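Undergrad: Handing over data22.txt, compact mmCIF, C-alpha atoms.
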```
# COMPACT_ATOMS: atom_id res chain seq x y z
CA MET A 75 69.98 -26.51 -76.05
CA LYS A 76 66.44 -26.56 -74.79
CA ILE A 77 64.22 -28.67 -77.07
CA ALA A 78 60.42 -28.77 -77.01
CA LEU A 79 58.94 -31.95 -78.51
CA ILE A 80 55.35 -31.41 -79.56
CA SER A 81 53.02 -34.10 -80.85
CA PRO A 82 49.39 -35.20 -80.51
CA HIS A 83 50.65 -38.82 -80.36
CA ARG A 84 51.90 -39.96 -76.96
CA ASN A 85 53.81 -42.94 -78.35
CA GLN A 86 55.69 -40.69 -80.75
CA LEU A 87 56.52 -38.26 -77.95
CA GLN A 88 58.07 -41.10 -75.94
CA GLU A 89 60.05 -42.46 -78.89
CA LEU A 90 61.36 -39.05 -79.91
CA GLY A 91 62.28 -38.28 -76.32
CA ARG A 92 64.27 -41.52 -76.05
CA ALA A 93 66.06 -40.75 -79.31
CA LEU A 94 67.30 -37.45 -77.87
CA GLU A 95 68.25 -38.80 -74.43
CA THR A 96 71.80 -39.50 -75.58
CA GLY A 97 72.49 -35.79 -76.08
CA SER A 98 73.13 -33.14 -73.43
CA HIS A 99 69.98 -31.22 -74.32
CA ALA A 100 67.11 -30.34 -72.01
CA VAL A 101 64.02 -31.95 -73.57
CA VAL A 102 60.43 -30.97 -72.77
CA CYS A 103 57.65 -33.21 -74.10
CA VAL A 104 54.36 -31.47 -74.80
CA ASP A 105 51.03 -33.07 -75.66
CA ALA A 106 49.68 -31.00 -78.54
CA ALA A 107 46.14 -31.80 -77.45
CA THR A 108 46.57 -29.54 -74.40
CA SER A 109 48.97 -26.80 -75.57
CA SER A 110 49.25 -24.68 -78.71
CA LEU A 111 52.55 -23.93 -80.45
CA ARG A 112 52.22 -20.29 -79.43
CA THR A 113 51.79 -21.23 -75.76
CA VAL A 114 54.80 -23.54 -75.82
CA ALA A 115 56.98 -20.90 -77.48
CA GLU A 116 55.98 -18.24 -74.97
CA GLN A 117 56.15 -20.36 -71.81
CA GLU A 118 59.08 -22.68 -72.54
CA GLN A 119 61.12 -20.37 -74.83
CA PRO A 120 62.92 -23.34 -76.40
CA ASP A 121 65.94 -23.11 -78.67
CA LEU A 122 64.37 -25.77 -80.91
CA MET A 123 60.80 -26.91 -81.47
CA LEU A 124 60.40 -30.42 -82.92
CA ILE A 125 56.83 -30.67 -84.18
CA GLU A 126 55.53 -34.14 -85.07
CA GLY A 127 52.21 -34.95 -86.70
CA MET A 128 51.08 -31.33 -86.86
CA CYS A 129 51.22 -28.51 -89.39
CA CYS A 130 51.62 -31.03 -92.18
CA ASP A 131 48.91 -29.29 -94.16
CA PRO A 132 49.80 -25.98 -95.87
CA ASP A 133 46.76 -24.37 -94.22
CA GLU A 134 48.20 -25.15 -90.78
CA LEU A 135 51.59 -23.58 -91.36
CA HIS A 136 50.38 -20.22 -90.06
CA GLN A 137 50.88 -21.63 -86.54
CA VAL A 138 54.56 -22.23 -87.30
CA GLU A 139 54.88 -18.84 -88.99
CA HIS A 140 53.66 -17.13 -85.83
CA VAL A 141 56.38 -18.85 -83.81
CA THR A 142 59.22 -18.08 -86.24
CA THR A 143 58.09 -14.47 -86.60
CA HIS A 144 57.62 -13.66 -82.93
CA HIS A 145 60.37 -15.93 -81.58
CA PRO A 146 63.17 -15.69 -84.15
CA ASN A 147 65.67 -17.36 -81.81
CA THR A 148 63.60 -20.55 -81.81
CA ALA A 149 64.38 -22.97 -84.65
CA VAL A 150 61.57 -25.20 -85.93
CA ILE A 151 61.83 -28.71 -87.40
CA LEU A 152 58.75 -30.48 -88.72
CA ILE A 153 58.37 -34.25 -88.72
CA CYS A 154 55.63 -35.29 -91.12
CA ALA A 155 54.86 -37.57 -94.05
CA THR A 156 54.04 -34.75 -96.46
CA HIS A 157 57.06 -33.92 -98.63
CA THR A 158 55.59 -32.44 -101.79
CA PRO A 159 57.61 -29.62 -103.39
CA GLU A 160 54.79 -27.17 -102.70
CA PHE A 161 54.70 -28.08 -99.01
CA LEU A 162 58.47 -27.83 -98.64
CA ILE A 163 58.49 -24.38 -100.24
CA ASN A 164 55.63 -23.20 -98.03
CA SER A 165 57.40 -24.61 -94.97
CA MET A 166 60.56 -22.71 -95.85
CA ARG A 167 58.55 -19.51 -96.27
CA ALA A 168 57.01 -20.11 -92.83
CA GLY A 169 60.49 -20.23 -91.34
CA VAL A 170 60.87 -24.00 -90.86
CA ARG A 171 64.53 -25.05 -90.59
CA GLU A 172 64.07 -28.66 -91.81
CA VAL A 173 61.32 -31.16 -92.64
CA LEU A 174 62.05 -34.75 -91.63
CA PRO A 175 60.08 -37.81 -92.78
CA SER A 176 57.68 -39.52 -90.39
CA PRO A 177 58.38 -41.76 -88.60
CA ALA A 178 61.69 -40.06 -87.91
CA ASP A 179 64.85 -42.14 -87.94
CA ALA A 180 66.83 -41.64 -84.71
CA ASP A 181 70.09 -40.97 -86.54
CA ALA A 182 68.48 -38.46 -88.90
CA LEU A 183 66.78 -36.73 -85.97
CA GLN A 184 70.01 -36.46 -83.98
CA ALA A 185 71.87 -35.16 -87.04
CA ALA A 186 69.25 -32.45 -87.58
CA VAL A 187 69.49 -31.40 -83.93
CA ARG A 188 73.29 -31.24 -84.20
CA ARG A 189 72.98 -28.96 -87.24
CA VAL A 190 70.75 -26.58 -85.32
CA ALA A 191 73.11 -26.64 -82.33
CA ALA A 192 76.13 -25.96 -84.56
CA LYS A 193 74.38 -23.03 -86.21
CA ARG A 194 73.47 -21.56 -82.82
CA GLU A 195 77.03 -21.99 -81.56
CA GLY A 196 78.39 -20.21 -84.62
CA SER A 197 75.91 -17.38 -84.20
CA SER A 198 76.71 -16.97 -80.51
CA GLY A 199 80.32 -16.24 -81.40
CA GLN A 200 79.24 -13.02 -83.09
CA SER A 201 78.72 -10.09 -80.76
CA ALA A 202 75.29 -8.53 -81.11
CA GLY A 203 74.98 -4.89 -82.04
CA LYS A 204 74.04 -2.26 -79.46
CA ILE A 205 70.81 -0.27 -79.44
CA LEU A 206 71.06 3.44 -78.62
CA ALA A 207 67.76 5.27 -78.07
CA PHE A 208 67.38 9.06 -78.41
CA MET A 209 64.34 10.70 -76.85
CA SER A 210 63.34 14.35 -76.57
CA CYS A 211 62.40 15.52 -73.09
CA LYS A 212 60.40 18.32 -74.69
CA GLY A 213 59.49 19.27 -78.24
CA GLY A 214 62.31 21.00 -80.07
CA SER A 215 65.10 19.47 -77.96
CA GLY A 216 66.97 18.35 -81.07
CA ALA A 217 66.93 14.57 -80.56
CA THR A 218 66.30 13.78 -84.23
CA PHE A 219 69.13 16.01 -85.42
CA LEU A 220 71.54 14.43 -82.94
CA ALA A 221 70.49 10.85 -83.73
CA THR A 222 70.75 11.26 -87.50
CA ASN A 223 74.00 13.22 -87.53
CA LEU A 224 75.63 11.04 -84.89
CA GLY A 225 74.60 7.99 -86.89
CA PHE A 226 76.24 9.44 -89.98
CA GLN A 227 79.50 10.01 -88.12
CA LEU A 228 79.44 6.62 -86.37
CA ALA A 229 79.13 5.01 -89.80
CA GLU A 230 82.69 6.08 -90.53
CA THR A 231 83.82 3.02 -88.57
CA ARG A 232 80.66 0.99 -87.91
CA ASN A 233 77.70 -0.43 -89.76
CA VAL A 234 74.78 1.67 -88.49
CA LEU A 235 71.00 1.48 -88.82
CA LEU A 236 68.71 4.25 -87.59
CA ILE A 237 65.05 3.34 -87.02
CA ASP A 238 62.51 6.17 -86.86
CA LEU A 239 60.12 5.16 -84.08
CA ASN A 240 58.21 8.43 -84.11
CA LEU A 241 55.69 6.37 -86.00
CA GLN A 242 53.02 8.97 -86.74
CA PHE A 243 55.05 12.09 -87.46
CA GLY A 244 58.65 10.92 -87.81
CA ASP A 245 60.84 12.77 -90.28
CA ALA A 246 64.33 11.57 -89.38
CA LEU A 247 65.10 10.70 -93.00
CA SER A 248 64.63 14.31 -94.12
CA PHE A 249 67.45 15.47 -91.82
CA VAL A 250 70.09 13.70 -93.92
CA HIS A 251 68.35 12.84 -97.20
CA ASP A 252 66.35 14.77 -99.77
CA GLY A 253 63.73 12.29 -100.92
CA LYS A 254 60.96 9.94 -99.90
CA PRO A 255 61.51 6.32 -98.86
CA ALA A 256 60.40 3.51 -101.17
CA SER A 257 59.54 1.43 -98.09
CA THR A 258 58.97 2.19 -94.41
CA ILE A 259 58.69 0.33 -91.14
CA ALA A 260 54.96 0.01 -91.82
CA ASP A 261 55.70 -2.08 -94.92
CA ILE A 262 57.76 -4.49 -92.84
CA ALA A 263 55.04 -4.73 -90.20
CA HIS A 264 52.43 -5.38 -92.90
CA ASP A 265 54.49 -8.27 -94.29
CA ILE A 266 56.25 -9.34 -91.08
CA SER A 267 56.30 -13.01 -92.10
CA ARG A 268 58.86 -12.11 -94.78
CA LEU A 269 61.22 -10.47 -92.32
CA ASP A 270 64.81 -11.51 -92.87
CA ALA A 271 68.12 -9.73 -93.39
CA SER A 272 67.47 -9.10 -97.07
CA PHE A 273 63.97 -7.75 -96.54
CA LEU A 274 65.16 -5.46 -93.74
CA ALA A 275 68.02 -4.07 -95.81
CA ALA A 276 65.78 -3.60 -98.87
CA SER A 277 63.29 -1.61 -96.76
CA THR A 278 65.86 0.97 -95.64
CA VAL A 279 67.25 4.07 -97.33
CA LYS A 280 71.03 3.95 -97.71
CA ILE A 281 72.43 7.33 -96.71
CA ALA A 282 76.10 6.31 -96.83
CA PRO A 283 77.91 3.00 -97.43
CA ASN A 284 77.54 2.02 -93.75
CA PHE A 285 74.54 4.13 -92.72
CA SER A 286 70.91 3.22 -93.41
CA ILE A 287 67.59 4.56 -92.15
CA LEU A 288 64.35 2.66 -91.71
CA ALA A 289 61.83 5.46 -92.12
CA ALA A 290 58.59 6.06 -90.25
CA PRO A 291 55.33 5.59 -92.20
CA GLU A 292 54.51 8.28 -94.74
CA ASP A 293 50.83 8.02 -93.77
CA PRO A 294 50.29 8.51 -90.00
CA ALA A 295 47.29 6.15 -90.18
CA HIS A 296 49.64 3.27 -91.02
CA ALA A 297 51.32 3.69 -87.63
CA MET A 298 48.27 2.05 -86.05
CA GLU A 299 49.12 -1.20 -87.82
CA ILE A 300 52.52 -1.50 -86.10
CA LYS A 301 52.49 -3.64 -82.97
CA PRO A 302 55.05 -4.15 -80.17
CA GLU A 303 55.80 -7.66 -81.43
CA HIS A 304 56.70 -6.21 -84.85
CA ILE A 305 59.22 -3.85 -83.23
CA ASP A 306 60.62 -6.69 -81.14
CA ALA A 307 61.16 -8.87 -84.21
CA ILE A 308 62.76 -6.01 -86.17
CA LEU A 309 65.15 -5.16 -83.33
CA ARG A 310 66.12 -8.81 -82.80
CA LEU A 311 67.13 -9.03 -86.43
CA ALA A 312 68.71 -5.57 -86.59
CA VAL A 313 71.22 -6.20 -83.79
CA ALA A 314 72.34 -9.34 -85.62
CA GLN A 315 72.97 -7.37 -88.84
CA TYR A 316 74.30 -4.00 -87.64
CA ASP A 317 76.98 -2.90 -85.17
CA LEU A 318 74.82 -0.06 -83.87
CA VAL A 319 71.07 0.45 -84.05
CA LEU A 320 69.96 4.01 -83.27
CA LEU A 321 66.34 4.69 -82.35
CA ASP A 322 64.74 8.09 -82.85
CA MET A 323 61.97 7.76 -80.28
CA ASN A 324 58.59 9.38 -79.94
CA ARG A 325 58.01 11.25 -76.67
CA SER A 326 55.02 9.02 -75.80
CA LEU A 327 55.87 6.09 -73.52
CA ASP A 328 53.43 3.61 -75.03
CA THR A 329 53.86 -0.18 -75.25
CA ILE A 330 55.89 0.10 -78.45
CA ALA A 331 58.27 2.64 -76.92
CA VAL A 332 58.75 0.58 -73.76
CA LYS A 333 59.41 -2.55 -75.83
CA ALA A 334 62.16 -0.68 -77.69
CA LEU A 335 63.61 0.98 -74.59
CA ASP A 336 63.76 -2.36 -72.79
CA ARG A 337 66.12 -3.58 -75.51
CA ALA A 338 68.26 -0.45 -75.54
CA TYR A 339 71.84 -0.61 -74.31
CA ARG A 340 71.79 3.11 -73.60
CA ILE A 341 69.00 5.73 -73.54
CA PHE A 342 69.84 9.37 -74.30
CA PRO A 343 67.14 11.81 -73.17
CA VAL A 344 67.82 15.09 -74.99
CA LEU A 345 67.06 18.43 -73.37
CA GLN A 346 68.13 22.06 -73.41
CA ALA A 347 69.33 24.09 -70.44
CA GLY A 348 65.96 25.53 -69.44
CA VAL A 349 63.51 24.98 -66.60
CA PRO A 350 60.71 23.39 -68.74
CA TYR A 351 63.21 20.91 -70.18
CA LEU A 352 64.59 20.04 -66.73
CA ARG A 353 61.08 19.54 -65.41
CA ASN A 354 60.21 17.08 -68.17
CA ALA A 355 63.58 15.35 -67.91
CA GLY A 356 62.96 14.75 -64.23
CA LYS A 357 59.60 13.14 -64.99
CA LEU A 358 61.20 10.96 -67.62
CA LEU A 359 63.94 9.77 -65.26
CA LYS A 360 61.29 8.81 -62.69
CA VAL A 361 59.49 6.73 -65.32
CA PHE A 362 62.76 5.01 -66.24
CA GLU A 363 63.34 4.26 -62.57
CA SER A 364 59.87 2.74 -62.27
CA LEU A 365 60.66 0.55 -65.29
CA GLY A 366 63.69 -0.79 -63.46
CA TYR A 367 66.32 0.80 -65.70
CA PRO A 368 69.67 1.28 -63.93
CA THR A 369 71.21 4.75 -63.95
CA SER A 370 74.09 3.35 -66.01
CA LYS A 371 71.61 2.85 -68.87
CA ILE A 372 70.74 6.57 -68.98
CA ALA A 373 72.88 9.48 -70.21
CA LEU A 374 71.44 12.97 -70.63
CA ILE A 375 72.43 15.15 -73.57
CA VAL A 376 72.19 18.91 -73.02
CA ASN A 377 71.80 20.26 -76.54
CA ARG A 378 72.47 23.85 -77.68
CA TYR A 379 74.53 24.38 -74.54
CA GLU A 380 76.14 27.79 -73.98
CA LYS A 381 78.59 28.54 -71.20
CA GLY A 382 77.40 31.39 -69.06
CA GLY A 383 73.74 30.66 -69.74
CA GLU A 384 71.08 31.32 -67.13
CA VAL A 385 70.85 27.57 -66.39
CA GLY A 386 74.30 26.01 -66.10
CA LEU A 387 75.56 22.44 -65.92
CA ASP A 388 75.76 22.64 -62.13
CA ASP A 389 72.05 23.45 -62.08
CA VAL A 390 71.34 20.50 -64.38
CA ARG A 391 73.38 18.11 -62.21
CA ARG A 392 71.79 19.41 -59.03
CA THR A 393 68.31 18.89 -60.47
CA MET A 394 68.89 15.57 -62.24
CA GLY A 395 71.08 13.92 -59.63
CA ALA A 396 73.76 11.31 -60.34
CA VAL A 397 73.32 10.77 -64.06
CA ASN A 398 75.79 10.74 -66.94
CA LEU A 399 75.83 14.00 -68.86
CA HIS A 400 76.95 15.05 -72.34
CA THR A 401 76.81 18.50 -73.92
CA VAL A 402 76.45 19.67 -77.51
CA SER A 403 77.22 23.32 -78.20
CA ASN A 404 74.86 25.83 -79.73
CA SER A 405 75.38 26.55 -83.42
CA TRP A 406 71.82 27.20 -84.43
CA LYS A 407 72.43 28.88 -87.78
CA GLN A 408 74.54 26.15 -89.37
CA VAL A 409 72.55 23.34 -87.75
CA ASN A 410 69.33 24.84 -89.10
CA ALA A 411 70.87 25.13 -92.57
CA SER A 412 71.88 21.48 -92.40
CA ILE A 413 68.33 20.44 -91.51
CA ASN A 414 66.75 22.63 -94.20
CA HIS A 415 69.05 21.23 -96.91
CA GLY A 416 68.67 17.63 -95.72
CA ASN A 417 72.46 17.20 -95.51
CA PRO A 418 74.54 15.92 -92.59
CA LEU A 419 76.25 18.80 -90.81
CA VAL A 420 79.68 17.21 -91.21
CA GLN A 421 79.32 17.52 -95.00
CA MET A 422 78.36 21.19 -94.81
CA ALA A 423 80.57 22.39 -91.97
CA ARG A 424 83.39 20.03 -91.03
CA SER A 425 84.99 22.48 -88.62
CA ASN A 426 81.74 23.43 -86.90
CA VAL A 427 81.78 23.03 -83.11
CA VAL A 428 78.72 20.74 -83.20
CA THR A 429 80.43 18.53 -85.77
CA ARG A 430 83.39 18.23 -83.40
CA ASN A 431 81.10 17.58 -80.41
CA LEU A 432 79.46 14.73 -82.29
CA ALA A 433 82.84 13.35 -83.33
CA ASP A 434 83.90 13.28 -79.67
CA PHE A 435 80.59 11.65 -78.77
CA ALA A 436 81.06 9.04 -81.49
CA LEU A 437 84.52 8.22 -80.18
CA SER A 438 83.19 7.84 -76.63
CA LEU A 439 80.79 5.21 -77.96
CA ASN A 440 83.53 3.56 -80.02
CA PRO A 441 86.75 4.14 -78.08
CA ARG A 442 89.17 1.82 -79.89
CA GLU A 443 92.30 3.89 -80.36
CA GLU A 444 93.27 2.81 -83.85
CA GLU A 445 89.80 3.54 -85.17
CA SER A 446 89.64 6.83 -83.27
CA ARG A 447 92.65 8.14 -85.14
CA GLY A 448 91.13 7.07 -88.43
CA LEU A 449 87.79 8.69 -87.62
CA PHE A 450 89.34 12.04 -86.72
CA GLY A 451 91.50 11.93 -89.82
CA ARG A 452 88.59 11.30 -92.13
CA LEU A 453 86.33 13.86 -90.49
CA PHE A 454 88.78 16.71 -90.35
CA SER A 455 91.32 16.07 -93.07
CA ARG A 456 89.70 18.83 -95.12
CA ALA A 457 88.58 21.06 -92.28
```
So, in terms of structure tokens, how does the structure I just supplied come out?

TA:
Amino acid sequence: MKIALISPHRNQLQELGRALETGSHAVVCVDAATSSLRTVAEQEQPDLMLIEGMCCDPDELHQVEHVTTHHPNTAVILICATHTPEFLINSMRAGVREVLPSPADADALQAAVRRVAAKREGSSGQSAGKILAFMSCKGGSGATFLATNLGFQLAETRNVLLIDLNLQFGDALSFVHDGKPASTIADIAHDISRLDASFLAASTVKIAPNFSILAAPEDPAHAMEIKPEHIDAILRLAVAQYDLVLLDMNRSLDTIAVKALDRAYRIFPVLQAGVPYLRNAGKLLKVFESLGYPTSKIALIVNRYEKGGEVGLDDVRRTMGAVNLHTVSNSWKQVNASINHGNPLVQMARSNVVTRNLADFALSLNPREEESRGLFGRLFSRA
């Protein structure tokens, strides 16, 4: 583990450093008089911050809260003389892992470090969830329909969260649910210091036992309050709690969108087989290239595809180059009915060709054979 020791007292820095020399950890000693906690967290990116002689007043805990909020993988231990019940509660709320008495006993310090290391080792054994981002190349491509309905089908075998990142005008929830959300992503951003697994789950709308949606703000003005660091913190937590995190993206490539796309395992630009869509898709692929995304991270989805159309798949491949390609058939009437009723298509039309396309797509993302058989059986047992 990488440990940052921070103290305004040089003697304490030396003593604490000696106490940790026996371990196999990389220890960085930082004079608090020259560096802030935020700077240390950003530059050193430690696994553990041991803070001595600082933040021992409740009014100073906001510095710790900033670190635990924006760097959730960094554990924080305070070493200070203040141990009142009120201070301990406030420390816990700020995200502090432990509070040790000052001066710190070497054995107690080493034991606390071992507890943090053991917790990290246990967490590393769990595979993180994957982030799949869906983005329209042009308005009306159908990205929101595909993301919501694919999420519903993936939830047959996986624990799935969909986050609506069309922050000003997102309506992903309405595609599979008839009602308004009690909380939205704006509520989490407004109270980001409270972010934990329980708060995240409580802020979502449960569509099915394993499918939840974190809705976009009801008031577009609230979108302005959401910052890239809020999205980063939410995604860090989400991949630890869900097998798959689907993002319904806005078409604008702002700092929030890029922050989310950077974290994505796979990006699915959605288009239709038409020249305006191909033109925009080409622009989007060039932006992704400039951002350093490998082609393996991108897979185009041609929605409402019809064989024999004026623009065929060969035309798409010739224009887009060497990029992965998926197709979803055209079934406008039943898809439109599904959207208007706010019901997943699989519940309204199990045998519909789009339902089957999405089932195939879901299996390609989750190819384990035993689960594949179960998914097909559940989806089409009453077809």

Undergrad: In terms of the shortest atom-to-atom distance over all atoms listed in the file, which of A:Asn240, A:Gln119, A:Ser277, A:Asn284 is closest to Leu228 (chain A)?

TA: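 With all atoms listed in the file as the atom set, the closest residue is A:Asn284.
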
Undergrad: Dig up all the protein and nucleic acid residues within 12 Å of (59.8, 13.4, -66.5) in the file frame, using only C-alpha atoms, and format them as a ChimeraX atom specification.

TA: /A:209-212,325-327,343-345,350-364,393-394

Undergrad: So how far away is CA of Ala93 (chain A) from CA of Ser165 (chain A), in Å?

TA: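 CA of Ala93 (chain A) lies 24.1 Å from CA of Ser165 (chain A).
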
Undergrad: Which is closest to His415 (chain A) among A:Phe219, A:Phe208, A:Phe226, A:Phe249, if we use only C-alpha atoms?

TA: A:Phe249

Undergrad: Which residues are close to Asp306 (chain A), i.e. within 8 Å by all atoms listed in the file, leaving aside same-chain residues fewer than 2 positions away? Reply as a list of chain:residue names.

TA: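 Those residues are A:His144, A:Pro302, A:Glu303, A:His304, A:Ile308, A:Leu309, A:Arg310, A:Lys333, A:Ala334.
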
Undergrad: Can you work out which one of A:Val141, A:Leu247, A:Val427, A:Val187 has the shortest atom-to-atom distance to Val170 (chain A), counting all atoms listed in the file?

TA: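 Checking each candidate against Val170 (chain A), we get A:Val141 as the closest.
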